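**Q** data_35.cif is reproduced in full below (mmCIF, C-alpha atoms).
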```cif
data_start
loop_
_atom_site.label_atom_id
_atom_site.label_comp_id
_atom_site.auth_asym_id
_atom_site.auth_seq_id
_atom_site.Cartn_x
_atom_site.Cartn_y
_atom_site.Cartn_z
CA MET A 515 -76.64 222.21 72.29
CA ASN A 516 -77.19 219.73 75.07
CA ALA A 517 -75.44 219.45 78.42
CA ARG A 518 -73.51 216.40 77.28
CA GLY A 519 -72.03 218.47 74.46
CA LEU A 520 -70.78 221.03 76.95
CA GLU A 521 -69.23 218.28 79.08
CA ASP A 522 -67.49 216.85 76.03
CA THR A 523 -65.84 220.20 75.35
CA GLY A 524 -64.80 220.77 78.96
CA GLY A 525 -67.61 223.11 79.97
CA PRO A 526 -69.21 226.34 78.68
CA GLN A 527 -65.98 228.35 78.62
CA GLN A 528 -64.03 225.86 76.56
CA TRP A 529 -67.06 225.29 74.31
CA TYR A 530 -67.18 229.03 73.66
CA GLU A 531 -63.46 229.26 72.99
CA SER A 532 -63.67 226.29 70.62
CA LEU A 533 -66.09 228.10 68.28
CA PRO A 534 -64.68 229.30 64.94
CA TYR A 535 -63.46 232.90 65.05
CA ILE A 536 -66.21 234.70 63.11
CA THR A 537 -69.02 232.57 64.51
CA LYS A 538 -67.86 233.21 68.08
CA ASN A 539 -67.71 236.95 67.60
CA TRP A 540 -71.00 237.08 65.70
CA ILE A 541 -72.82 235.13 68.42
CA THR A 542 -71.29 237.32 71.12
CA VAL A 543 -72.36 240.56 69.43
CA ALA A 544 -75.82 239.31 68.44
CA VAL A 545 -76.73 237.84 71.82
CA GLY A 546 -75.26 240.79 73.72
CA THR A 547 -76.98 243.43 71.59
CA THR A 548 -80.30 241.59 71.67
CA ILE A 549 -80.24 241.32 75.46
CA LEU A 550 -79.13 244.92 75.98
CA GLY A 551 -81.74 246.16 73.52
CA ASN A 552 -84.58 244.27 75.17
CA PHE A 553 -83.64 245.69 78.56
CA ASN A 554 -83.38 249.15 76.97
CA ILE A 555 -79.76 249.52 78.09
CA ILE A 556 -79.08 250.24 74.43
CA PRO A 557 -82.11 252.08 72.94
CA ILE A 558 -83.53 250.07 70.05
CA ALA A 559 -84.24 253.38 68.31
CA LYS A 560 -80.47 253.75 67.92
CA LEU A 561 -80.04 250.38 66.22
CA TYR A 562 -82.42 250.15 63.29
CA PHE A 563 -81.62 250.98 59.67
CA ASP A 564 -82.64 254.50 58.63
CA TYR A 565 -81.14 255.90 55.44
CA ASN A 566 -82.14 259.48 56.27
CA LYS A 567 -80.41 259.37 59.64
CA ILE A 568 -77.31 257.90 58.01
CA SER A 569 -77.14 260.44 55.19
CA GLU A 570 -78.28 263.53 57.10
CA ASN A 571 -76.97 262.92 60.63
CA PHE A 572 -74.01 260.70 59.67
CA GLU A 573 -75.17 257.93 62.01
CA ILE A 574 -73.04 255.41 60.15
CA TRP A 575 -73.31 252.76 62.87
CA ARG A 576 -76.79 252.06 61.48
CA LEU A 577 -75.09 250.25 58.60
CA VAL A 578 -74.02 247.53 61.05
CA THR A 579 -76.39 247.55 64.04
CA PRO A 580 -79.43 246.29 62.05
CA PHE A 581 -77.59 242.96 61.83
CA MET A 582 -76.77 242.84 65.55
CA TYR A 583 -80.25 242.97 67.07
CA LEU A 584 -82.28 239.80 66.47
CA GLY A 585 -85.62 240.82 67.98
CA PRO A 586 -87.69 240.81 71.18
CA PHE A 587 -87.62 237.97 73.69
CA LYS A 588 -89.71 235.51 71.69
CA PHE A 589 -89.40 231.91 70.59
CA GLU A 590 -88.52 233.00 67.04
CA THR A 591 -85.54 234.95 68.39
CA VAL A 592 -84.26 231.90 70.23
CA ILE A 593 -84.62 229.85 67.04
CA ALA A 594 -82.69 232.51 65.12
CA MET A 595 -79.85 232.36 67.66
CA PHE A 596 -79.76 228.58 67.38
CA LEU A 597 -79.65 228.72 63.57
CA LEU A 598 -76.86 231.29 63.78
CA TYR A 599 -74.82 229.01 66.02
CA GLN A 600 -75.56 225.83 64.11
CA TYR A 601 -75.03 226.86 60.51
CA SER A 602 -72.46 229.61 60.84
CA LYS A 603 -70.31 227.19 62.84
CA GLN A 604 -70.81 224.35 60.37
CA TYR A 605 -70.09 226.54 57.36
CA GLU A 606 -67.05 228.27 58.81
CA ALA A 607 -65.54 225.05 60.19
CA GLY A 608 -66.37 223.09 57.03
CA ILE A 609 -65.61 223.66 53.37
CA VAL A 610 -66.22 227.33 52.58
CA PHE A 611 -66.66 228.50 48.97
CA ASN A 612 -63.13 229.46 47.93
CA THR A 613 -63.06 232.99 46.52
CA GLY A 614 -59.30 233.47 46.84
CA GLY A 615 -58.57 232.87 50.52
CA GLY A 616 -58.24 229.09 50.33
CA GLY A 617 -61.78 228.42 51.52
CA GLY A 618 -61.08 229.71 55.03
CA THR A 619 -61.94 232.56 57.36
CA ALA A 620 -61.06 235.33 54.89
CA ASP A 621 -63.53 233.97 52.35
CA TYR A 622 -66.25 233.64 54.99
CA ALA A 623 -65.66 237.19 56.20
CA TYR A 624 -65.95 238.50 52.65
CA MET A 625 -69.10 236.46 52.08
CA LEU A 626 -70.69 238.11 55.12
CA LEU A 627 -69.63 241.59 54.04
CA LEU A 628 -71.12 241.04 50.59
CA GLY A 629 -74.32 239.60 52.07
CA MET A 630 -74.74 242.51 54.48
CA SER A 631 -74.25 245.03 51.66
CA VAL A 632 -76.80 243.41 49.35
CA ILE A 633 -79.30 242.87 52.17
CA LEU A 634 -79.05 246.54 53.19
CA VAL A 635 -79.51 247.79 49.63
CA THR A 636 -82.39 245.49 48.75
CA GLY A 637 -84.02 245.87 52.16
CA GLY A 638 -83.91 249.64 51.89
CA LEU A 639 -85.10 249.78 48.29
CA PHE A 640 -88.02 247.40 48.75
CA GLY A 641 -88.93 248.36 52.32
CA LEU A 642 -88.30 244.90 53.74
CA GLY A 643 -87.74 246.07 57.31
CA VAL A 644 -85.32 247.96 59.51
CA PHE A 645 -83.57 245.00 61.17
CA PHE A 646 -81.78 242.41 59.04
CA GLY A 647 -80.10 240.05 61.51
CA LYS A 648 -82.41 237.17 60.69
CA SER A 649 -82.02 237.74 56.95
CA LEU A 650 -78.25 237.45 57.35
CA ILE A 651 -78.64 234.19 59.28
CA TYR A 652 -80.90 232.73 56.58
CA TYR A 653 -78.40 233.93 53.98
CA VAL A 654 -75.68 231.85 55.63
CA LEU A 655 -78.02 228.88 56.07
CA TYR A 656 -78.89 228.93 52.37
CA VAL A 657 -75.24 229.11 51.27
CA TRP A 658 -74.43 226.26 53.65
CA SER A 659 -77.20 224.16 52.09
CA LYS A 660 -75.80 224.73 48.59
CA ARG A 661 -72.25 223.96 49.72
CA ASN A 662 -73.37 220.82 51.58
CA PRO A 663 -76.35 219.51 49.57
CA THR A 664 -76.14 215.93 50.86
CA ALA A 665 -75.31 216.74 54.49
CA GLN A 666 -77.80 215.54 57.06
CA ALA A 667 -80.09 218.12 58.65
CA SER A 668 -83.37 217.87 60.50
CA ILE A 669 -86.47 219.85 61.44
CA TRP A 670 -88.26 218.76 64.61
CA GLY A 671 -86.44 215.44 64.41
CA ILE A 672 -87.40 214.80 60.78
CA PRO A 673 -84.20 214.05 58.79
CA LEU A 674 -83.61 215.65 55.41
CA GLN A 675 -80.74 216.55 53.15
CA GLY A 676 -79.07 219.94 53.35
CA MET A 677 -80.32 221.00 49.92
CA MET A 678 -83.93 220.69 51.13
CA LEU A 679 -83.50 222.57 54.41
CA PRO A 680 -84.32 226.10 53.16
CA PHE A 681 -87.47 224.94 51.38
CA ALA A 682 -88.58 222.86 54.34
CA LEU A 683 -88.11 225.80 56.70
CA LEU A 684 -89.98 228.13 54.37
CA GLY A 685 -92.85 225.70 53.87
CA LEU A 686 -93.17 224.96 57.58
CA ASN A 687 -93.18 228.61 58.61
CA THR A 688 -95.67 229.46 55.88
CA LEU A 689 -98.03 226.75 57.11
CA LEU A 690 -97.68 228.01 60.67
CA GLY A 691 -98.50 231.54 59.56
CA ASN A 692 -95.15 232.95 60.67
CA TYR A 693 -93.51 236.00 59.14
CA VAL A 694 -91.30 234.76 56.32
CA ILE A 695 -90.09 237.94 54.57
CA ASP A 696 -86.78 237.83 56.47
CA MET A 697 -86.33 234.22 55.42
CA ILE A 698 -87.13 234.81 51.76
CA HIS A 699 -84.90 237.88 51.72
CA GLY A 700 -81.94 235.91 53.08
CA PHE A 701 -82.54 232.98 50.74
CA VAL A 702 -82.67 235.18 47.63
CA VAL A 703 -79.44 236.97 48.53
CA GLY A 704 -77.86 233.62 49.40
CA HIS A 705 -78.83 232.20 46.02
CA LEU A 706 -77.32 235.23 44.29
CA TYR A 707 -74.03 234.66 46.13
CA TYR A 708 -74.05 230.93 45.31
CA PHE A 709 -74.77 231.69 41.65
CA MET A 710 -71.88 234.14 41.41
CA VAL A 711 -69.25 232.01 43.19
CA ASP A 712 -70.17 228.53 41.96
CA VAL A 713 -72.39 228.59 38.87
CA VAL A 714 -70.84 231.49 36.96
CA PRO A 715 -67.22 230.18 37.18
CA LYS A 716 -68.30 226.70 36.06
CA VAL A 717 -70.64 227.74 33.27
CA TYR A 718 -69.03 230.92 31.99
CA GLY A 719 -65.42 230.43 33.11
CA LYS A 720 -65.30 233.80 34.86
CA SER A 721 -64.85 234.75 38.49
CA TYR A 722 -66.28 238.09 39.61
CA ILE A 723 -66.00 237.66 43.37
CA GLN A 724 -62.48 237.69 44.79
CA THR A 725 -61.65 238.02 48.48
CA PRO A 726 -59.79 241.33 48.97
CA LEU A 727 -56.16 241.37 49.99
CA PHE A 728 -56.70 243.03 53.38
CA LEU A 729 -58.86 240.11 54.56
CA ILE A 730 -56.32 237.57 53.34
CA GLN A 731 -53.56 239.48 55.13
CA LYS A 732 -55.67 239.48 58.29
CA PHE A 733 -56.72 235.83 58.29
CA GLY A 734 -54.26 234.18 55.91
CA ILE A 735 -54.96 231.49 53.33
CA GLY A 736 -56.54 228.24 54.41
CA GLU A 737 -58.37 227.01 57.46
CA TYR A 738 -58.43 229.24 60.51
CA VAL A 739 -56.48 227.99 63.54
CA PRO A 740 -57.87 229.05 66.95
CA PRO A 741 -55.47 230.88 69.29
CA ALA A 742 -53.45 228.62 71.58
CA PRO A 743 -53.50 229.20 75.37
CA ARG A 744 -50.42 230.97 76.70
CA ASN A 745 -48.42 229.33 79.48
CA GLY A 746 -51.00 226.58 79.83
CA MET A 747 -53.68 229.02 80.94
CA GLY A 748 -57.24 229.12 79.66
CA ALA A 749 -57.93 231.07 76.48
CA VAL A 750 -59.43 234.08 78.24
CA GLY A 751 -58.67 237.80 78.05
CA GLY A 752 -54.96 238.42 77.53
CA ASN A 753 -53.98 234.77 77.94
CA THR A 754 -54.14 233.94 74.23
CA PHE A 755 -51.93 234.57 71.28
CA ARG A 756 -53.20 237.00 68.69
CA PRO A 757 -55.70 235.16 66.43
CA GLY A 758 -55.37 234.91 62.69
CA GLY A 759 -53.00 232.00 62.02
CA VAL A 760 -53.89 229.52 59.33
CA ASN A 761 -52.84 226.07 58.22
CA PRO A 762 -50.80 226.39 55.00
CA PRO A 763 -52.29 224.62 51.95
CA ARG A 764 -50.88 221.15 51.43
CA ASP A 765 -51.54 221.15 47.69
CA PRO A 766 -48.34 222.29 45.90
CA ALA A 767 -50.42 223.95 43.20
CA ALA A 768 -52.37 225.81 45.86
CA THR A 769 -49.13 226.98 47.44
CA GLY A 770 -47.99 228.33 44.11
CA ASN A 771 -51.27 230.17 43.58
CA SER A 772 -51.12 231.72 47.02
CA ALA A 773 -48.56 234.21 45.80
CA GLY A 774 -51.29 235.75 43.67
CA LEU A 775 -53.65 235.86 46.64
CA GLY A 776 -56.60 236.78 44.51
CA ARG A 777 -56.67 233.82 42.16
CA GLY A 778 -57.31 230.83 44.35
CA HIS A 779 -60.50 229.38 42.88
CA ASN A 780 -60.42 225.68 42.07
CA TRP A 781 -62.63 225.33 39.01
CA GLY A 782 -62.68 221.53 38.97
CA THR A 783 -64.39 221.16 42.33
CA GLY A 784 -66.58 224.22 42.52
CA GLY A 785 -64.46 226.10 45.02
CA GLN A 786 -63.05 223.20 47.00
CA ARG A 787 -60.83 224.41 49.86
CA LEU A 788 -57.17 224.37 49.03
CA GLY A 789 -55.27 221.66 50.79
CA ARG A 790 -58.22 219.30 51.17
CA ASP A 791 -58.05 215.82 49.79
#
```
Once more with this new file: its structure as structure tokens, please.
**A**
Amino acid sequence: MNARGLEDTGGPQQWYESLPYITKNWITVAVGTTILGNFNIIPIAKLYFDYNKISENFEIWRLVTPFMYLGPFKFETVIAMFLLYQYSKQYEAGIVFNTGGGGGTADYAYMLLLGMSVILVTGGLFGLGVFFGKSLIYYVLYVWSKRNPTAQASIWGIPLQGMMLPFALLGLNTLLGNYVIDMIHGFVVGHLYYFMVDVVPKVYGKSYIQTPLFLIQKFGIGEYVPPAPRNGMGAVGGNTFRPGGVNPPRDPAATGNSAGLGRGHNWGTGGQRLGRD
């Protein structure tokens, strides 16, 4: 993001507060953990995935921390942070695949939980590494590309459509001799998610992925609404209302379906967000 972009949003603080809820928290945790790990304030040995330590020593935090640390201070880590910001923000603020939460924050949260679970299982079974933060980022990027196939993207200033972005990134990094296992891992899991939430309902008329009720109760149905400042003060610390409000669906049919909470998929548009024209 350039300096002009920060000026347009009123500075770094307001830019940060303007980020979608999950993206903001993910960036905060990822950047913070990566910095603390590189300075050894948090030992990296306590962060990586180790099934034996989880099962024998009950170090259950290792189910989450492998997604929080993005790597040493290298150019690839900076690129990963940029991709996290760019495509998590675009996906969360855009039209999310609707799996029962109206195409909003609840559906995105469930998508991430599913992706983390599959990445952990496949990564552990096939020995694909001990840190999976980059795989999760590429998972989101791939799903974004399938949800926005004609959206404009670019690599090094070269424009291309969203549907081509994963393949262009993979080809470029392969030519440069970079490590691409994390990328392939994320893309494969992303394609599995896309197949289950978009292809299977259209082709087979069945929906196997439904956002659970507790996430819908937390975030509501529809597009997430950022917390409003209290008493005209900046949205910092205790000066904001509790987050989680949503815009109600404008589609009367969507409003009727919301009572079921788990049956919100719009078959005619491949998961189009409820309430969108």
**Q** As an exercise, work out the distance from CA of Ser659 (chain A) to CA of Met678 (chain A) in Å and give it to one decimal place.
**A**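 That distance, rounded to one decimal, is 7.6 Å.
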**Q** Could you name the residues that touch Lys720 (chain A) at 10 Å or less, counting all atoms listed in the file, but leaving out those on the same chain fewer than 3 positions away, as a ChimeraX atom specification?
**A** /A:710-711,713-717,723,781
**Q** Could you please determine the separation between CA of Tyr599 (chain A) and CA of Tyr653 (chain A) in Å, to one decimal place?
**A**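 Interatomic distance, CA of Tyr599 (chain A) to CA of Tyr653 (chain A): 13.5 Å.
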**Q** One number please: CA of Leu684 (chain A) to CA of Lys588 (chain A), in Å, one decimal.
**A** 18.8 Å
**Q** Residues within 9 Å of Lys648 (chain A), please, as a list in words. Count all atoms listed in the file; anything in the same chain fewer than 3 positions from it doesn't count.
**A**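 Everything that qualifies: Phe581, Tyr583, Leu584, Gly585, Thr591, Ala594, Met595, Leu598, Phe645, Ile651, Tyr652, Tyr653, Asp696, Met697 and Gly700 of chain A.
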**Q** Write out, as a PDB file, in the frame of the given file, the residues just selected, with C-alpha atoms.
**A**
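again22.pdb, written as the output of this step:
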```
ATOM      1  CA  PHE A 581     -77.590 242.960  61.830  1.00  0.00           C
ATOM      2  CA  TYR A 583     -80.250 242.970  67.070  1.00  0.00           C
ATOM      3  CA  LEU A 584     -82.280 239.800  66.470  1.00  0.00           C
ATOM      4  CA  GLY A 585     -85.620 240.820  67.980  1.00  0.00           C
ATOM      5  CA  THR A 591     -85.540 234.950  68.390  1.00  0.00           C
ATOM      6  CA  ALA A 594     -82.690 232.510  65.120  1.00  0.00           C
ATOM      7  CA  MET A 595     -79.850 232.360  67.660  1.00  0.00           C
ATOM      8  CA  LEU A 598     -76.860 231.290  63.780  1.00  0.00           C
ATOM      9  CA  PHE A 645     -83.570 245.000  61.170  1.00  0.00           C
ATOM     10  CA  ILE A 651     -78.640 234.190  59.280  1.00  0.00           C
ATOM     11  CA  TYR A 652     -80.900 232.730  56.580  1.00  0.00           C
ATOM     12  CA  TYR A 653     -78.400 233.930  53.980  1.00  0.00           C
ATOM     13  CA  ASP A 696     -86.780 237.830  56.470  1.00  0.00           C
ATOM     14  CA  MET A 697     -86.330 234.220  55.420  1.00  0.00           C
ATOM     15  CA  GLY A 700     -81.940 235.910  53.080  1.00  0.00           C
TER      16      GLY A 700
END
```
**Q** Given the choices A:Leu650, A:Gly546, A:Phe611, A:Pro580, which gets closest to Lys560 (chain A) if the distance is worked out from all atoms listed in the file?
**A**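 Distance minimum relative to Lys560 (chain A) lands on A:Pro580.
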**Q** Determine the nearest neighbour of Asn539 (chain A) from the options A:Ser602, A:Thr725, A:Asn662, A:Thr613, counting all atoms listed in the file.
**A**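 Smallest separation from Asn539 (chain A) among the options: A:Ser602.
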**Q** Find the residue from A:Val657, A:Val545, A:Ile536, A:Ile593 that sits nearest to Leu706 (chain A); use only C-alpha atoms when measuring.
**A** A:Val657
**Q** Using all atoms listed in the file, which of the listed residues (A:Leu679, A:Leu626, A:Ile556, A:Ile672) sits closest to Val703 (chain A)?
**A**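 Of A:Leu679, A:Leu626, A:Ile556, A:Ile672, the one nearest Val703 (chain A) is A:Leu626, counting all atoms listed in the file.
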**Q** Taking the file as I've supplied it (selection: the PyMOL selection byres ((chain A and resi 563-579) around 9)), which residues are included? Please answer as a list of chain:residue names.
**A**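 Selection result, ordered by chain and number: A:Thr547, A:Lys560, A:Leu561, A:Tyr562, A:Pro580, A:Phe581, A:Met582, A:Tyr583, A:Met630, A:Ser631, A:Leu634, A:Gly638, A:Gly643, A:Val644, A:Phe645, A:Phe646, A:Gly647.
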**Q** Which residues, named as in the file, does the PyMOL selection byres ((chain A and resi 683) around 12) pick out? Answer as a PyMOL selection string.
**A** chain A and resi 593+597+652+655-656+659+667-670+672+674+676-682+684-690+692-694+697-698+701
**Q** If I wrap all listed atoms of region 707-712 of chain A in a box with edges along x, y and z and add 6 Å on each side, what are its centre and edge lengths in Å to one decimal, as JSON?
**A**
```
{"center_x": -72.0, "center_y": 231.6, "center_z": 43.8, "size_x": 17.5, "size_y": 18.1, "size_z": 16.7}
```
**Q** When you count only C-alpha atoms, which of these residues is closest to Phe728 (chain A): A:Gln600, A:Pro526, A:Asp621, A:Ser532?
**A** A:Asp621
**Q** Which residue out of A:Gly525, A:Gly614, A:Pro557, A:Gly736 has the minimum interatomic distance to Tyr722 (chain A) when only C-alpha atoms are used?
**A**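 Of all the options, A:Gly614 lies closest to Tyr722 (chain A).
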**Q** Kindly complete region 697-708 of chain A to all heavy atoms; the output should be written as a compact mmCIF listing (two decimals), in the frame of the given file.
**A**
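Generated output (selection22.txt):
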```txt
# COMPACT_ATOMS: atom_id res chain seq x y z
N MET A 697 -86.85 235.49 55.93
CA MET A 697 -86.33 234.22 55.42
C MET A 697 -86.17 234.27 53.90
O MET A 697 -85.10 233.90 53.36
CB MET A 697 -87.27 233.08 55.82
CG MET A 697 -86.76 231.70 55.49
SD MET A 697 -87.91 230.41 56.05
CE MET A 697 -87.84 230.64 57.83
N ILE A 698 -87.19 234.73 53.22
CA ILE A 698 -87.13 234.81 51.76
C ILE A 698 -86.03 235.78 51.32
O ILE A 698 -85.27 235.49 50.38
CB ILE A 698 -88.50 235.25 51.19
CG1 ILE A 698 -89.56 234.18 51.48
CG2 ILE A 698 -88.40 235.51 49.69
CD1 ILE A 698 -90.97 234.60 51.10
N HIS A 699 -85.93 236.89 52.02
CA HIS A 699 -84.90 237.88 51.72
C HIS A 699 -83.50 237.25 51.81
O HIS A 699 -82.67 237.39 50.90
CB HIS A 699 -85.03 239.06 52.69
CG HIS A 699 -84.20 240.24 52.33
ND1 HIS A 699 -83.98 241.29 53.21
CD2 HIS A 699 -83.51 240.56 51.20
CE1 HIS A 699 -83.23 242.20 52.62
NE2 HIS A 699 -82.92 241.79 51.41
N GLY A 700 -83.24 236.55 52.90
CA GLY A 700 -81.94 235.91 53.08
C GLY A 700 -81.68 234.83 52.05
O GLY A 700 -80.56 234.70 51.53
N PHE A 701 -82.71 234.05 51.72
CA PHE A 701 -82.54 232.98 50.74
C PHE A 701 -82.23 233.53 49.34
O PHE A 701 -81.39 232.98 48.63
CB PHE A 701 -83.80 232.12 50.68
CG PHE A 701 -84.01 231.25 51.88
CD1 PHE A 701 -85.22 230.58 52.08
CD2 PHE A 701 -83.03 231.10 52.85
CE1 PHE A 701 -85.42 229.77 53.19
CE2 PHE A 701 -83.22 230.29 53.97
CZ PHE A 701 -84.43 229.63 54.13
N VAL A 702 -82.90 234.60 48.96
CA VAL A 702 -82.67 235.18 47.63
C VAL A 702 -81.25 235.72 47.52
O VAL A 702 -80.54 235.47 46.53
CB VAL A 702 -83.70 236.29 47.35
CG1 VAL A 702 -83.32 237.06 46.09
CG2 VAL A 702 -85.10 235.69 47.20
N VAL A 703 -80.80 236.45 48.54
CA VAL A 703 -79.44 236.97 48.53
C VAL A 703 -78.43 235.83 48.57
O VAL A 703 -77.39 235.87 47.91
CB VAL A 703 -79.22 237.95 49.69
CG1 VAL A 703 -77.78 238.46 49.72
CG2 VAL A 703 -80.18 239.13 49.58
N GLY A 704 -78.73 234.78 49.35
CA GLY A 704 -77.86 233.62 49.40
C GLY A 704 -77.76 232.92 48.06
O GLY A 704 -76.67 232.48 47.66
N HIS A 705 -78.87 232.83 47.34
CA HIS A 705 -78.83 232.20 46.02
C HIS A 705 -78.02 233.04 45.04
O HIS A 705 -77.28 232.49 44.20
CB HIS A 705 -80.24 232.00 45.47
CG HIS A 705 -80.27 231.21 44.20
ND1 HIS A 705 -80.11 229.84 44.16
CD2 HIS A 705 -80.40 231.61 42.90
CE1 HIS A 705 -80.15 229.41 42.92
NE2 HIS A 705 -80.33 230.47 42.13
N LEU A 706 -78.11 234.35 45.15
CA LEU A 706 -77.32 235.23 44.29
C LEU A 706 -75.82 235.01 44.54
O LEU A 706 -75.03 234.92 43.58
CB LEU A 706 -77.69 236.69 44.55
CG LEU A 706 -76.88 237.75 43.79
CD1 LEU A 706 -77.08 237.59 42.29
CD2 LEU A 706 -77.29 239.15 44.24
N TYR A 707 -75.43 234.90 45.81
CA TYR A 707 -74.03 234.66 46.13
C TYR A 707 -73.59 233.30 45.57
O TYR A 707 -72.53 233.19 44.94
CB TYR A 707 -73.82 234.70 47.64
CG TYR A 707 -72.40 234.37 48.06
CD1 TYR A 707 -71.40 235.34 48.04
CD2 TYR A 707 -72.06 233.08 48.47
CE1 TYR A 707 -70.09 235.03 48.40
CE2 TYR A 707 -70.76 232.76 48.83
CZ TYR A 707 -69.79 233.74 48.80
OH TYR A 707 -68.50 233.41 49.16
N TYR A 708 -74.38 232.27 45.81
CA TYR A 708 -74.05 230.93 45.31
C TYR A 708 -73.92 230.94 43.79
O TYR A 708 -72.97 230.35 43.23
CB TYR A 708 -75.15 229.94 45.74
CG TYR A 708 -75.22 228.70 44.90
CD1 TYR A 708 -74.25 227.71 44.99
CD2 TYR A 708 -76.26 228.53 43.97
CE1 TYR A 708 -74.31 226.56 44.20
CE2 TYR A 708 -76.33 227.40 43.18
CZ TYR A 708 -75.36 226.42 43.29
OH TYR A 708 -75.42 225.30 42.51
```
